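Colleague: Supplied structure: protein_35.csv, CSV, C-alpha atoms and all ligand atoms.
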```csv
chain,number,residue,atom,x,y,z
X,81,MET,CA,-112.1,-35.3,51.3
X,82,GLN,CA,-113.8,-32.4,49.5
X,83,GLY,CA,-116.1,-30.4,51.8
X,84,LEU,CA,-114.8,-32.0,55.0
X,85,ARG,CA,-113.0,-30.4,57.9
X,86,GLY,CA,-109.2,-30.4,58.4
X,87,VAL,CA,-108.0,-32.4,61.4
X,88,LYS,CA,-104.9,-31.5,63.5
X,89,ILE,CA,-103.0,-33.0,66.4
X,90,GLU,CA,-103.8,-30.7,69.3
X,91,GLY,CA,-101.8,-32.5,72.0
X,92,TRP,CA,-99.4,-35.4,72.5
X,93,GLY,CA,-98.1,-37.5,75.4
X,94,LYS,CA,-96.2,-40.6,76.3
X,95,ALA,CA,-95.6,-43.0,79.2
X,96,LEU,CA,-92.6,-45.3,79.7
X,97,PRO,CA,-92.1,-47.7,82.5
X,98,GLU,CA,-89.1,-46.8,84.7
X,99,ARG,CA,-87.3,-50.1,84.6
X,100,VAL,CA,-84.6,-50.3,82.0
X,101,LEU,CA,-83.5,-53.7,80.6
X,102,THR,CA,-80.2,-53.4,78.8
X,103,ASN,CA,-78.6,-55.7,76.2
X,104,HIS,CA,-76.1,-56.7,78.9
X,105,ASP,CA,-79.0,-57.7,81.2
X,106,LEU,CA,-80.2,-59.9,78.4
X,107,GLU,CA,-76.8,-61.5,78.0
X,108,GLN,CA,-77.4,-63.0,81.5
X,109,MET,CA,-80.8,-64.4,80.4
X,110,VAL,CA,-80.3,-65.9,76.9
X,111,ASP,CA,-77.4,-66.8,74.6
X,112,THR,CA,-77.0,-63.4,73.0
X,113,SER,CA,-74.6,-60.4,73.0
X,114,ASP,CA,-74.8,-56.7,73.0
X,115,GLU,CA,-72.8,-56.7,69.8
X,116,TRP,CA,-75.3,-59.0,68.0
X,117,ILE,CA,-78.3,-57.1,69.2
X,118,VAL,CA,-76.9,-53.6,68.3
X,119,SER,CA,-75.5,-54.7,64.9
X,120,ARG,CA,-78.6,-56.7,63.8
X,121,THR,CA,-81.3,-54.3,65.3
X,122,GLY,CA,-79.9,-51.0,66.6
X,123,ILE,CA,-81.5,-51.7,70.0
X,124,ARG,CA,-79.5,-51.0,73.2
X,125,GLU,CA,-82.1,-51.1,75.9
X,126,ARG,CA,-85.8,-51.2,76.4
X,127,ARG,CA,-88.3,-50.4,79.2
X,128,VAL,CA,-90.2,-53.2,81.0
X,129,ALA,CA,-93.4,-52.6,83.0
X,130,GLY,CA,-93.6,-53.9,86.5
X,131,PRO,CA,-96.0,-56.7,87.3
X,132,GLU,CA,-98.6,-54.2,88.8
X,133,THR,CA,-98.7,-52.1,85.6
X,134,ALA,CA,-101.2,-52.9,82.8
X,135,ALA,CA,-101.8,-51.3,79.4
X,136,SER,CA,-104.6,-49.0,80.8
X,137,ASP,CA,-102.1,-47.6,83.4
X,138,LEU,CA,-99.6,-46.5,80.8
X,139,ALA,CA,-102.4,-45.4,78.4
X,140,LEU,CA,-103.8,-43.2,81.1
X,141,VAL,CA,-100.5,-41.4,81.8
X,142,ALA,CA,-100.0,-40.7,78.1
X,143,ALA,CA,-103.6,-39.6,77.7
X,144,ARG,CA,-103.5,-37.1,80.6
X,145,GLU,CA,-100.3,-35.6,79.2
X,146,ALA,CA,-101.9,-35.3,75.7
X,147,LEU,CA,-105.0,-33.7,77.1
X,148,ALA,CA,-103.0,-31.2,79.2
X,149,LYS,CA,-101.0,-30.2,76.1
X,150,ALA,CA,-104.2,-29.8,74.1
X,151,GLY,CA,-105.7,-27.7,77.0
X,152,LEU,CA,-108.7,-30.0,76.8
X,153,ASP,CA,-110.9,-31.1,79.7
X,154,PRO,CA,-111.6,-34.9,79.6
X,155,GLU,CA,-115.4,-34.0,79.5
X,156,ARG,CA,-114.8,-32.6,76.0
X,157,VAL,CA,-113.4,-35.8,74.6
X,158,ASP,CA,-116.0,-37.4,72.2
X,159,LEU,CA,-114.2,-40.7,71.4
X,160,ILE,CA,-111.3,-42.7,72.8
X,161,ILE,CA,-109.6,-45.3,70.6
X,162,VAL,CA,-106.9,-47.5,72.1
X,163,ALA,CA,-104.7,-49.5,69.7
X,164,THR,CA,-103.1,-52.4,71.4
X,165,VAL,CA,-102.4,-56.2,71.1
X,166,THR,CA,-101.9,-56.4,74.9
X,167,PRO,CA,-105.2,-55.0,76.5
X,168,ASP,CA,-105.7,-55.3,80.2
X,169,MET,CA,-108.0,-58.2,79.4
X,170,ALA,CA,-110.1,-59.4,76.4
X,171,PHE,CA,-113.0,-57.3,77.6
X,172,PRO,CA,-114.0,-54.8,78.6
X,173,ALA,CA,-112.0,-52.7,76.2
X,174,THR,CA,-108.9,-50.9,77.6
X,175,ALA,CA,-110.4,-47.8,76.1
X,176,CYS,CA,-113.3,-48.1,78.4
X,177,LEU,CA,-111.0,-48.4,81.4
X,178,VAL,CA,-109.2,-45.2,80.3
X,179,GLN,CA,-112.5,-43.5,79.7
X,180,SER,CA,-113.6,-44.3,83.3
X,181,ALA,CA,-110.2,-43.3,84.9
X,182,LEU,CA,-110.2,-40.0,83.0
X,183,ALA,CA,-113.9,-39.3,83.8
X,184,ALA,CA,-114.3,-38.6,80.1
X,185,ASN,CA,-118.0,-39.0,80.6
X,186,ARG,CA,-119.2,-38.0,77.2
X,187,ALA,CA,-116.8,-40.2,75.3
X,188,ALA,CA,-117.5,-43.4,73.3
X,189,ALA,CA,-114.6,-45.9,73.6
X,190,PHE,CA,-113.3,-48.9,71.8
X,191,ASP,CA,-110.1,-50.9,71.2
X,192,LEU,CA,-108.5,-51.6,67.9
X,193,GLU,CA,-106.0,-54.3,67.0
X,194,ALA,CA,-103.8,-54.0,64.0
X,195,GLY,CA,-100.5,-55.2,65.4
X,196,CYS,CA,-97.7,-52.6,65.3
X,197,SER,CA,-99.8,-50.6,62.7
X,198,GLY,CA,-102.5,-50.1,65.3
X,199,PHE,CA,-101.7,-46.4,66.0
X,200,LEU,CA,-101.9,-45.5,62.3
X,201,TYR,CA,-105.2,-47.4,62.0
X,202,ALA,CA,-106.6,-45.6,65.0
X,203,LEU,CA,-105.3,-42.2,63.8
X,204,ALA,CA,-107.0,-42.8,60.4
X,205,ILE,CA,-110.4,-43.6,62.1
X,206,GLY,CA,-110.1,-40.7,64.5
X,207,ARG,CA,-109.4,-38.4,61.7
X,208,GLU,CA,-112.5,-39.6,59.8
X,209,PHE,CA,-114.8,-38.8,62.8
X,210,VAL,CA,-113.4,-35.3,63.2
X,211,ALA,CA,-113.2,-34.6,59.5
X,212,SER,CA,-116.9,-35.6,59.0
X,213,GLY,CA,-117.9,-33.3,61.9
X,214,THR,CA,-119.4,-36.3,63.8
X,215,TYR,CA,-116.9,-35.6,66.7
X,216,ASP,CA,-114.8,-32.6,67.7
X,217,HIS,CA,-112.1,-34.3,69.8
X,218,VAL,CA,-110.8,-37.8,69.6
X,219,LEU,CA,-108.2,-39.3,71.9
X,220,VAL,CA,-106.0,-41.8,70.0
X,221,ILE,CA,-103.7,-44.0,72.2
X,222,GLY,CA,-101.2,-46.6,71.2
X,223,VAL,CA,-100.1,-48.8,74.0
X,224,ASP,CA,-98.4,-52.2,74.4
X,225,ILE,CA,-96.9,-54.2,77.2
X,226,LEU,CA,-95.2,-56.8,75.0
X,227,SER,CA,-93.1,-58.0,77.9
X,228,ARG,CA,-96.2,-60.0,79.0
X,229,ILE,CA,-96.4,-62.0,75.8
X,230,THR,CA,-92.6,-62.3,75.2
X,231,ASN,CA,-90.9,-65.7,75.8
X,232,TRP,CA,-87.9,-64.5,77.8
X,233,GLN,CA,-86.1,-67.8,76.9
X,234,ASP,CA,-86.4,-67.2,73.1
X,235,ARG,CA,-83.4,-65.1,72.0
X,236,ASN,CA,-85.0,-64.7,68.5
X,237,THR,CA,-87.7,-62.4,69.9
X,238,CYS,CA,-87.0,-61.3,73.5
X,239,VAL,CA,-84.3,-58.9,72.5
X,240,LEU,CA,-86.6,-56.9,70.2
X,241,PHE,CA,-89.5,-55.6,72.3
X,242,GLY,CA,-90.3,-53.0,74.9
X,243,ASP,CA,-93.3,-51.5,76.8
X,244,GLY,CA,-94.8,-48.0,76.4
X,245,ALA,CA,-97.7,-45.8,75.5
X,246,GLY,CA,-98.2,-42.7,73.3
X,247,ALA,CA,-101.3,-40.6,72.8
X,248,VAL,CA,-102.5,-37.8,70.6
X,249,VAL,CA,-105.6,-35.6,70.8
X,250,LEU,CA,-107.2,-34.8,67.4
X,251,GLY,CA,-109.4,-31.8,66.8
X,252,PRO,CA,-110.8,-29.7,63.9
X,253,ALA,CA,-108.5,-27.5,61.8
X,254,VAL,CA,-108.5,-25.4,58.7
X,255,ARG,CA,-108.4,-27.6,55.6
X,256,GLY,CA,-104.9,-28.2,54.4
X,257,GLN,CA,-103.5,-28.1,57.9
X,258,GLY,CA,-102.9,-31.1,60.2
X,259,ILE,CA,-103.4,-34.7,58.9
X,260,LEU,CA,-103.2,-34.4,55.1
X,261,SER,CA,-103.6,-38.1,54.3
X,262,THR,CA,-103.9,-41.6,55.7
X,263,TYR,CA,-103.2,-44.9,53.9
X,264,LEU,CA,-103.9,-48.4,55.3
X,265,GLY,CA,-103.3,-51.9,53.9
X,266,SER,CA,-103.4,-55.5,55.0
X,267,ASP,CA,-102.4,-59.0,53.7
X,268,GLY,CA,-103.9,-61.6,56.0
X,269,SER,CA,-102.2,-64.4,54.1
X,270,GLY,CA,-99.1,-63.5,56.0
X,271,GLY,CA,-100.8,-63.7,59.4
X,272,GLU,CA,-98.8,-66.7,60.6
X,273,LEU,CA,-95.5,-64.8,60.1
X,274,LEU,CA,-96.2,-62.8,63.3
X,275,CYS,CA,-98.8,-64.1,65.7
X,276,LEU,CA,-99.8,-64.9,69.3
X,277,PRO,CA,-101.2,-68.4,68.7
X,278,ALA,CA,-102.9,-69.1,72.0
X,279,GLY,CA,-105.2,-67.0,74.2
X,280,GLY,CA,-108.1,-66.6,71.7
X,281,SER,CA,-111.0,-68.8,70.7
X,282,ARG,CA,-108.9,-70.9,68.3
X,283,ARG,CA,-106.5,-72.1,71.0
X,284,PRO,CA,-107.6,-71.0,74.5
X,285,LEU,CA,-105.0,-70.7,77.3
X,286,ALA,CA,-105.2,-74.4,78.1
X,287,PRO,CA,-102.2,-76.3,79.6
X,288,GLU,CA,-101.5,-78.2,76.3
X,289,HIS,CA,-101.1,-74.9,74.5
X,290,MET,CA,-99.1,-73.3,77.2
X,291,GLU,CA,-96.7,-76.3,77.4
X,292,GLN,CA,-95.8,-75.5,73.7
X,293,GLY,CA,-95.3,-71.8,74.5
X,294,LEU,CA,-98.1,-70.7,72.2
X,295,GLN,CA,-99.0,-67.9,74.6
X,296,TYR,CA,-95.9,-66.0,73.4
X,297,ILE,CA,-95.1,-64.0,70.3
X,298,HIS,CA,-94.2,-66.2,67.3
X,299,MET,CA,-92.3,-64.5,64.5
X,300,ASN,CA,-90.6,-65.5,61.3
X,301,GLY,CA,-88.0,-62.6,61.6
X,302,PRO,CA,-86.4,-62.8,58.1
X,303,GLU,CA,-89.8,-62.9,56.3
X,304,VAL,CA,-91.2,-60.0,58.4
X,305,PHE,CA,-88.0,-58.1,57.7
X,306,LYS,CA,-88.4,-58.5,53.9
X,307,PHE,CA,-92.1,-57.5,54.1
X,308,ALA,CA,-91.4,-54.5,56.3
X,309,VAL,CA,-88.6,-53.1,54.0
X,310,ARG,CA,-91.0,-53.4,51.0
X,311,VAL,CA,-94.1,-51.8,52.6
X,312,MET,CA,-92.5,-49.0,54.6
X,313,GLY,CA,-91.3,-47.3,51.4
X,314,GLU,CA,-94.4,-48.1,49.4
X,315,ALA,CA,-96.8,-46.9,52.1
X,316,ALA,CA,-94.9,-43.6,52.6
X,317,VAL,CA,-94.9,-42.8,48.9
X,318,LYS,CA,-98.6,-43.7,48.7
X,319,ALA,CA,-99.5,-41.4,51.6
X,320,LEU,CA,-97.5,-38.6,50.1
X,321,GLU,CA,-99.3,-39.0,46.7
X,322,LEU,CA,-102.6,-38.9,48.5
X,323,ALA,CA,-101.5,-35.6,50.2
X,324,GLY,CA,-100.4,-34.2,46.8
X,325,LEU,CA,-96.8,-34.0,48.0
X,326,GLY,CA,-93.5,-35.5,46.9
X,327,LEU,CA,-90.3,-36.9,48.5
X,328,ASP,CA,-88.7,-33.4,48.4
X,329,ASP,CA,-91.5,-32.0,50.7
X,330,VAL,CA,-90.7,-34.4,53.6
X,331,THR,CA,-89.2,-32.8,56.7
X,332,TYR,CA,-89.3,-35.8,59.0
X,333,LEU,CA,-90.0,-39.5,58.7
X,334,VAL,CA,-91.6,-40.9,61.9
X,335,PRO,CA,-91.3,-44.7,61.3
X,336,HIS,CA,-92.4,-47.7,63.4
X,337,GLN,CA,-89.4,-48.6,65.4
X,338,ALA,CA,-88.7,-52.4,64.9
X,339,ASN,CA,-85.2,-52.6,63.5
X,340,LEU,CA,-82.8,-49.8,62.5
X,341,ARG,CA,-82.0,-51.7,59.3
X,342,ILE,CA,-85.6,-51.6,58.3
X,343,ILE,CA,-85.8,-47.9,59.1
X,344,ASP,CA,-82.5,-47.2,57.1
X,345,ALA,CA,-83.9,-49.1,54.1
X,346,ALA,CA,-87.1,-47.0,54.2
X,347,ALA,CA,-85.1,-43.8,54.5
X,348,ARG,CA,-82.9,-44.7,51.5
X,349,ARG,CA,-86.0,-45.5,49.5
X,350,LEU,CA,-87.4,-42.0,50.4
X,351,LYS,CA,-84.0,-40.4,49.8
X,352,LEU,CA,-83.9,-39.0,53.4
X,353,THR,CA,-80.7,-38.3,55.3
X,354,SER,CA,-80.5,-39.7,58.9
X,355,GLU,CA,-81.2,-36.3,60.5
X,356,ARG,CA,-84.6,-36.4,58.9
X,357,VAL,CA,-85.5,-39.7,60.5
X,358,LEU,CA,-86.8,-40.0,64.1
X,359,VAL,CA,-85.2,-43.0,65.9
X,360,ASN,CA,-85.8,-44.1,69.4
X,361,LEU,CA,-85.5,-47.9,69.2
X,362,ASP,CA,-82.0,-47.7,70.6
X,363,ARG,CA,-83.6,-46.7,74.0
X,364,TYR,CA,-87.0,-48.4,73.8
X,365,GLY,CA,-86.9,-51.3,71.4
X,366,ASN,CA,-90.1,-52.2,69.5
X,367,MET,CA,-93.1,-50.9,71.5
X,368,SER,CA,-95.6,-52.0,68.8
X,369,SER,CA,-98.6,-49.5,68.8
X,370,ALA,CA,-96.7,-47.1,71.0
X,371,SER,CA,-93.6,-46.6,69.0
X,372,ILE,CA,-94.8,-44.0,66.5
X,373,PRO,CA,-96.7,-41.8,69.0
X,374,VAL,CA,-93.8,-41.9,71.5
X,375,ALA,CA,-91.4,-40.9,68.8
X,376,LEU,CA,-93.7,-38.1,67.8
X,377,ALA,CA,-94.2,-36.9,71.4
X,378,GLU,CA,-90.5,-36.9,72.1
X,379,ALA,CA,-89.6,-34.9,69.0
X,380,ALA,CA,-92.5,-32.4,69.6
X,381,ASP,CA,-91.3,-32.0,73.3
X,382,ALA,CA,-87.8,-31.4,72.1
X,383,GLY,CA,-89.0,-28.6,69.8
X,384,ARG,CA,-87.8,-30.4,66.6
X,385,PHE,CA,-91.0,-29.6,64.6
X,386,ARG,CA,-91.6,-26.2,63.1
X,387,PRO,CA,-95.0,-25.0,61.9
X,388,GLY,CA,-95.5,-26.3,58.4
X,389,ASP,CA,-93.1,-29.2,58.7
X,390,ILE,CA,-94.2,-32.2,56.7
X,391,LEU,CA,-94.1,-35.5,58.8
X,392,VAL,CA,-94.5,-38.9,57.3
X,393,LEU,CA,-95.7,-41.5,59.8
X,394,VAL,CA,-95.3,-45.0,58.6
X,395,GLY,CA,-95.4,-48.5,60.0
X,396,PHE,CA,-96.1,-52.2,59.6
X,397,GLY,CA,-97.1,-55.0,61.8
X,398,ALA,CA,-98.9,-58.3,62.5
X,399,GLY,CA,-101.9,-59.0,60.3
X,400,LEU,CA,-100.0,-58.4,58.2
X,401,THR,CA,-100.9,-54.7,58.2
X,402,TRP,CA,-99.3,-51.5,57.2
X,403,GLY,CA,-100.1,-47.8,57.1
X,404,ALA,CA,-98.8,-44.3,56.6
X,405,SER,CA,-100.0,-40.8,57.3
X,406,VAL,CA,-98.8,-37.3,56.2
X,407,VAL,CA,-99.1,-34.5,58.7
X,408,ARG,CA,-98.5,-30.8,58.2
X,409,TRP,CA,-97.3,-29.7,61.7
X,501,LIG,N1,-78.5,-63.2,69.8
X,501,LIG,C1,-77.6,-63.9,69.1
X,501,LIG,N2,-78.0,-64.6,68.0
X,501,LIG,C2,-79.2,-64.6,67.6
X,501,LIG,C3,-80.2,-63.9,68.2
X,501,LIG,C4,-79.8,-63.2,69.4
X,501,LIG,N3,-80.7,-62.4,70.1
X,501,LIG,N4,-81.4,-64.0,67.6
X,501,LIG,C5,-81.2,-64.8,66.5
X,501,LIG,N5,-79.9,-65.2,66.5
X,501,LIG,C6,-79.2,-66.0,65.6
X,501,LIG,C7,-80.1,-66.9,64.8
X,501,LIG,O1,-80.3,-68.1,65.6
X,501,LIG,C8,-79.4,-67.2,63.6
X,501,LIG,O2,-78.4,-68.2,63.9
X,501,LIG,P1,-78.1,-69.4,62.8
X,501,LIG,O3,-77.7,-68.7,61.6
X,501,LIG,O4,-77.1,-70.2,63.5
X,501,LIG,O5,-79.5,-70.1,62.7
X,501,LIG,C9,-78.6,-65.9,63.3
X,501,LIG,O6,-78.6,-65.2,64.5
X,501,LIG,C10,-79.2,-65.0,62.2
X,501,LIG,O7,-80.6,-65.0,62.4
X,501,LIG,P2,-81.5,-64.2,61.4
X,501,LIG,O8,-82.9,-64.5,61.8
X,501,LIG,O9,-81.1,-64.5,60.0
X,501,LIG,O10,-81.1,-62.7,61.7
X,501,LIG,P3,-81.6,-61.5,61.0
X,501,LIG,O11,-80.5,-60.7,60.4
X,501,LIG,O12,-82.8,-61.7,60.1
X,501,LIG,O13,-82.1,-60.6,62.3
X,501,LIG,C11,-84.2,-60.1,63.3
X,501,LIG,C12,-83.2,-61.2,63.0
X,501,LIG,C13,-83.5,-59.0,64.1
X,501,LIG,C14,-85.3,-60.7,64.1
X,501,LIG,C15,-84.7,-59.5,62.0
X,501,LIG,O14,-85.1,-60.6,61.1
X,501,LIG,C16,-85.9,-58.6,62.1
X,501,LIG,O15,-85.7,-57.5,62.7
X,501,LIG,N6,-87.0,-58.9,61.6
X,501,LIG,C17,-88.2,-58.1,61.7
X,501,LIG,C18,-88.8,-58.2,63.0
X,501,LIG,C19,-89.9,-57.3,63.2
X,501,LIG,O16,-89.9,-56.2,62.6
X,501,LIG,N7,-90.9,-57.6,63.9
X,501,LIG,C20,-92.0,-56.8,64.0
X,501,LIG,C21,-92.7,-57.2,65.2
X,501,LIG,S1,-94.1,-56.2,65.2
X,501,LIG,C22,-95.4,-56.8,66.2
X,501,LIG,O17,-96.5,-56.8,65.8
X,501,LIG,C23,-95.1,-57.2,67.6
```
Mind turning the file's structure into structure tokens?
Ligand code: ACO

Modeller:
Amino acid sequence: MQGLRGVKIEGWGKALPERVLTNHDLEQMVDTSDEWIVSRTGIRERRVAGPETAASDLALVAAREALAKAGLDPERVDLIIVATVTPDMAFPATACLVQSALAANRAAAFDLEAGCSGFLYALAIGREFVASGTYDHVLVIGVDILSRITNWQDRNTCVLFGDGAGAVVLGPAVRGQGILSTYLGSDGSGGELLCLPAGGSRRPLAPEHMEQGLQYIHMNGPEVFKFAVRVMGEAAVKALELAGLGLDDVTYLVPHQANLRIIDAAARRLKLTSERVLVNLDRYGNMSSASIPVALAEAADAGRFRPGDILVLVGFGAGLTWGASVVRW
């Protein structure tokens, strides 16, 4: 990126619904156990949004917090990108709803869909706009209300997911500071391994599709697991290479929070001890696009990051997609 500006994270925020659904609650709903869920995934509880809460509501709370931390008036936001697979509705974009609610009157706004990799895709795009000098401030939000597309009678999937939102504000920085690299990938041939079959133009929300439960997440867990273990390590190493750094430089891994066994495998591949890996899936489950920015915001709020720390954000998701980014804090 010779000749371009550096791009830093100026503010961060998160939003989590109040209602907690524990593994013991799930034991009353499907044939499962706390022991199975904890040992196979690491998840103990997750947050579930109430029926009145939509993606834009959580996104707005996270966005306001991020803007406040950045000390930025919404009028100064140039672009809002919302990464989500659960927008309020197919259109208008959830980003436009957030733009209106924030009164970010100068901002362009659009949604982006890259499964659980959505936040990393949105971060990469936001960075390009700031690096090129096209925009000064980009609000990047990852939000998902997966509880709306979860089949609560399917124990294979309903124990895994949670609702939440995370946001960051990007702004210009000295070169060599902030986001040092981004790396994205996709393999659409694996699309059927993780999909929401109905609700689009291929299979509209018609009764015959809903009777088959096609409006819910469908997932081949073991195949997604194998894919995730492979790409998490590969993507992190690639992003480090692009940043001109090596494994020894990493201070913290900020992984997508899908399964503790996937995170542990990535950490082993990167030779990182557990205290260098941010984990919150025990409390929130897999929040899709929100998992990485929420982990980032929590650690930043807890004062875990020191100036100069090297963070590796890495994730995978439906598509199939994957991505990683190296950030100098
Ligand atoms: N409680 C009890 N038993 C269960 C449950 C449950 N909640 N779920 C599945 N089982 C059973 C299965 O039926 C199976 O029983 P069987 O052997 O009698 O058929 C057994 O447990 C083992 O099932 P596996 O699928 O082999 O279990 P595995 O160890 O692979 O763990 C899991 C399953 C947790 C889903 C794992 O494969 C995984 O995490 N995969 C990745 C999921 C993921 O990352 N998804 C990303 C989603 S991202 C997005 O875009 C939304």

Colleague: Hey, what's within 9 Å of stretch 182-185 of chain X if we count all atoms listed in the file and toss same-chain stuff fewer than 6 positions away? As number ranges by chain, please?

Modeller: X: 140, 143-144, 153-160

Colleague: Set the cut-off to 6 Å, count only C-alpha atoms and all ligand atoms, and list whatever residues fall near ligand LIG 501 (chain X) as a PyMOL selection string.

Modeller: chain X and resi 112-113+116-117+120-121+195-196+235-236+239+301-302+304-305+338-339+368+397-398

Colleague: Can you tell me, as an MDAnalysis selection string, what residues are no more than 7 Å from X:Leu358 when counting only C-alpha atoms, ignoring any on the same chain fewer than 2 positions away?

Modeller: chainID X and resid 333:334 356 360 375

Colleague: Just give me the gap between atom CA of X:Gly222 and atom CA of X:Phe199 in Å, one decimal is fine.

Modeller: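 So the answer is 5.2 Å.
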
Colleague: Can you tell me how far atom CA of X:Leu273 sits from atom CA of X:Ser405, in Å to one decimal?

Modeller: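 Value for the atom CA of X:Leu273-atom CA of X:Ser405 distance: 24.6 Å.
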
Colleague: Contacts of stretch 275-289 of chain X at 10 Å or less, counting only C-alpha atoms, minus same-chain residues fewer than 5 places along, as a short mmCIF file (atom, residue, chain, number, x, y, z; two decimals) with C-alpha atoms, in the frame of the given file?

Modeller:
```cif
data_model
loop_
_atom_site.label_atom_id
_atom_site.label_comp_id
_atom_site.auth_asym_id
_atom_site.auth_seq_id
_atom_site.Cartn_x
_atom_site.Cartn_y
_atom_site.Cartn_z
CA VAL X 165 -102.40 -56.20 71.10
CA ALA X 170 -110.10 -59.40 76.40
CA GLY X 195 -100.50 -55.20 65.40
CA ILE X 229 -96.40 -62.00 75.80
CA THR X 230 -92.60 -62.30 75.20
CA GLY X 270 -99.10 -63.50 56.00
CA LEU X 294 -98.10 -70.70 72.20
CA GLN X 295 -99.00 -67.90 74.60
CA TYR X 296 -95.90 -66.00 73.40
CA ILE X 297 -95.10 -64.00 70.30
CA HIS X 298 -94.20 -66.20 67.30
CA MET X 299 -92.30 -64.50 64.50
CA ASN X 300 -90.60 -65.50 61.30
CA ALA X 398 -98.90 -58.30 62.50
CA GLY X 399 -101.90 -59.00 60.30
CA LEU X 400 -100.00 -58.40 58.20
#
```

Colleague: Using all atoms listed in the file, find the one residue out of X:Asp328, X:Ala142, X:Ile123, X:Val254 that sits nearest to X:Val359.

Modeller: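 The answer is X:Ile123, which sits nearest to X:Val359.
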
Colleague: When you write stretch 171-207 of chain X out from the block above, keep C-alpha atoms and present the result as an mmCIF file, in the first residue's frame, please.

Modeller:
```
data_model
loop_
_atom_site.group_PDB
_atom_site.id
_atom_site.type_symbol
_atom_site.label_atom_id
_atom_site.label_comp_id
_atom_site.auth_asym_id
_atom_site.auth_seq_id
_atom_site.Cartn_x
_atom_site.Cartn_y
_atom_site.Cartn_z
ATOM 1 C CA PHE X 171 -34.041 -3.923 1.972
ATOM 2 C CA PRO X 172 -33.474 -1.145 2.804
ATOM 3 C CA ALA X 173 -30.023 -1.989 4.126
ATOM 4 C CA THR X 174 -29.660 -2.139 7.901
ATOM 5 C CA ALA X 175 -26.762 0.313 7.459
ATOM 6 C CA CYS X 176 -29.267 2.878 6.119
ATOM 7 C CA LEU X 177 -31.486 2.377 9.171
ATOM 8 C CA VAL X 178 -28.459 2.970 11.406
ATOM 9 C CA GLN X 179 -27.446 6.019 9.337
ATOM 10 C CA SER X 180 -30.869 7.552 9.863
ATOM 11 C CA ALA X 181 -31.051 6.750 13.588
ATOM 12 C CA LEU X 182 -27.581 8.208 14.155
ATOM 13 C CA ALA X 183 -28.356 11.252 11.987
ATOM 14 C CA ALA X 184 -25.045 10.537 10.255
ATOM 15 C CA ASN X 185 -26.255 12.792 7.485
ATOM 16 C CA ARG X 186 -23.105 12.828 5.364
ATOM 17 C CA ALA X 187 -22.582 9.067 5.395
ATOM 18 C CA ALA X 188 -23.014 6.585 2.574
ATOM 19 C CA ALA X 189 -24.316 3.257 3.868
ATOM 20 C CA PHE X 190 -24.526 -0.345 2.744
ATOM 21 C CA ASP X 191 -24.761 -3.890 4.081
ATOM 22 C CA LEU X 192 -22.306 -6.651 3.389
ATOM 23 C CA GLU X 193 -22.882 -10.392 3.709
ATOM 24 C CA ALA X 194 -19.962 -12.750 4.167
ATOM 25 C CA GLY X 195 -21.310 -15.055 6.884
ATOM 26 C CA CYS X 196 -19.301 -15.035 10.076
ATOM 27 C CA SER X 197 -16.375 -13.485 8.156
ATOM 28 C CA GLY X 198 -18.520 -10.396 7.530
ATOM 29 C CA PHE X 199 -16.803 -8.139 10.038
ATOM 30 C CA LEU X 200 -13.374 -8.906 8.573
ATOM 31 C CA TYR X 201 -14.651 -8.246 5.049
ATOM 32 C CA ALA X 202 -16.205 -4.943 6.191
ATOM 33 C CA LEU X 203 -13.018 -3.960 8.026
ATOM 34 C CA ALA X 204 -10.973 -4.601 4.874
ATOM 35 C CA ILE X 205 -13.287 -2.440 2.741
ATOM 36 C CA GLY X 206 -13.446 0.355 5.317
ATOM 37 C CA ARG X 207 -9.680 0.351 5.544
#
```
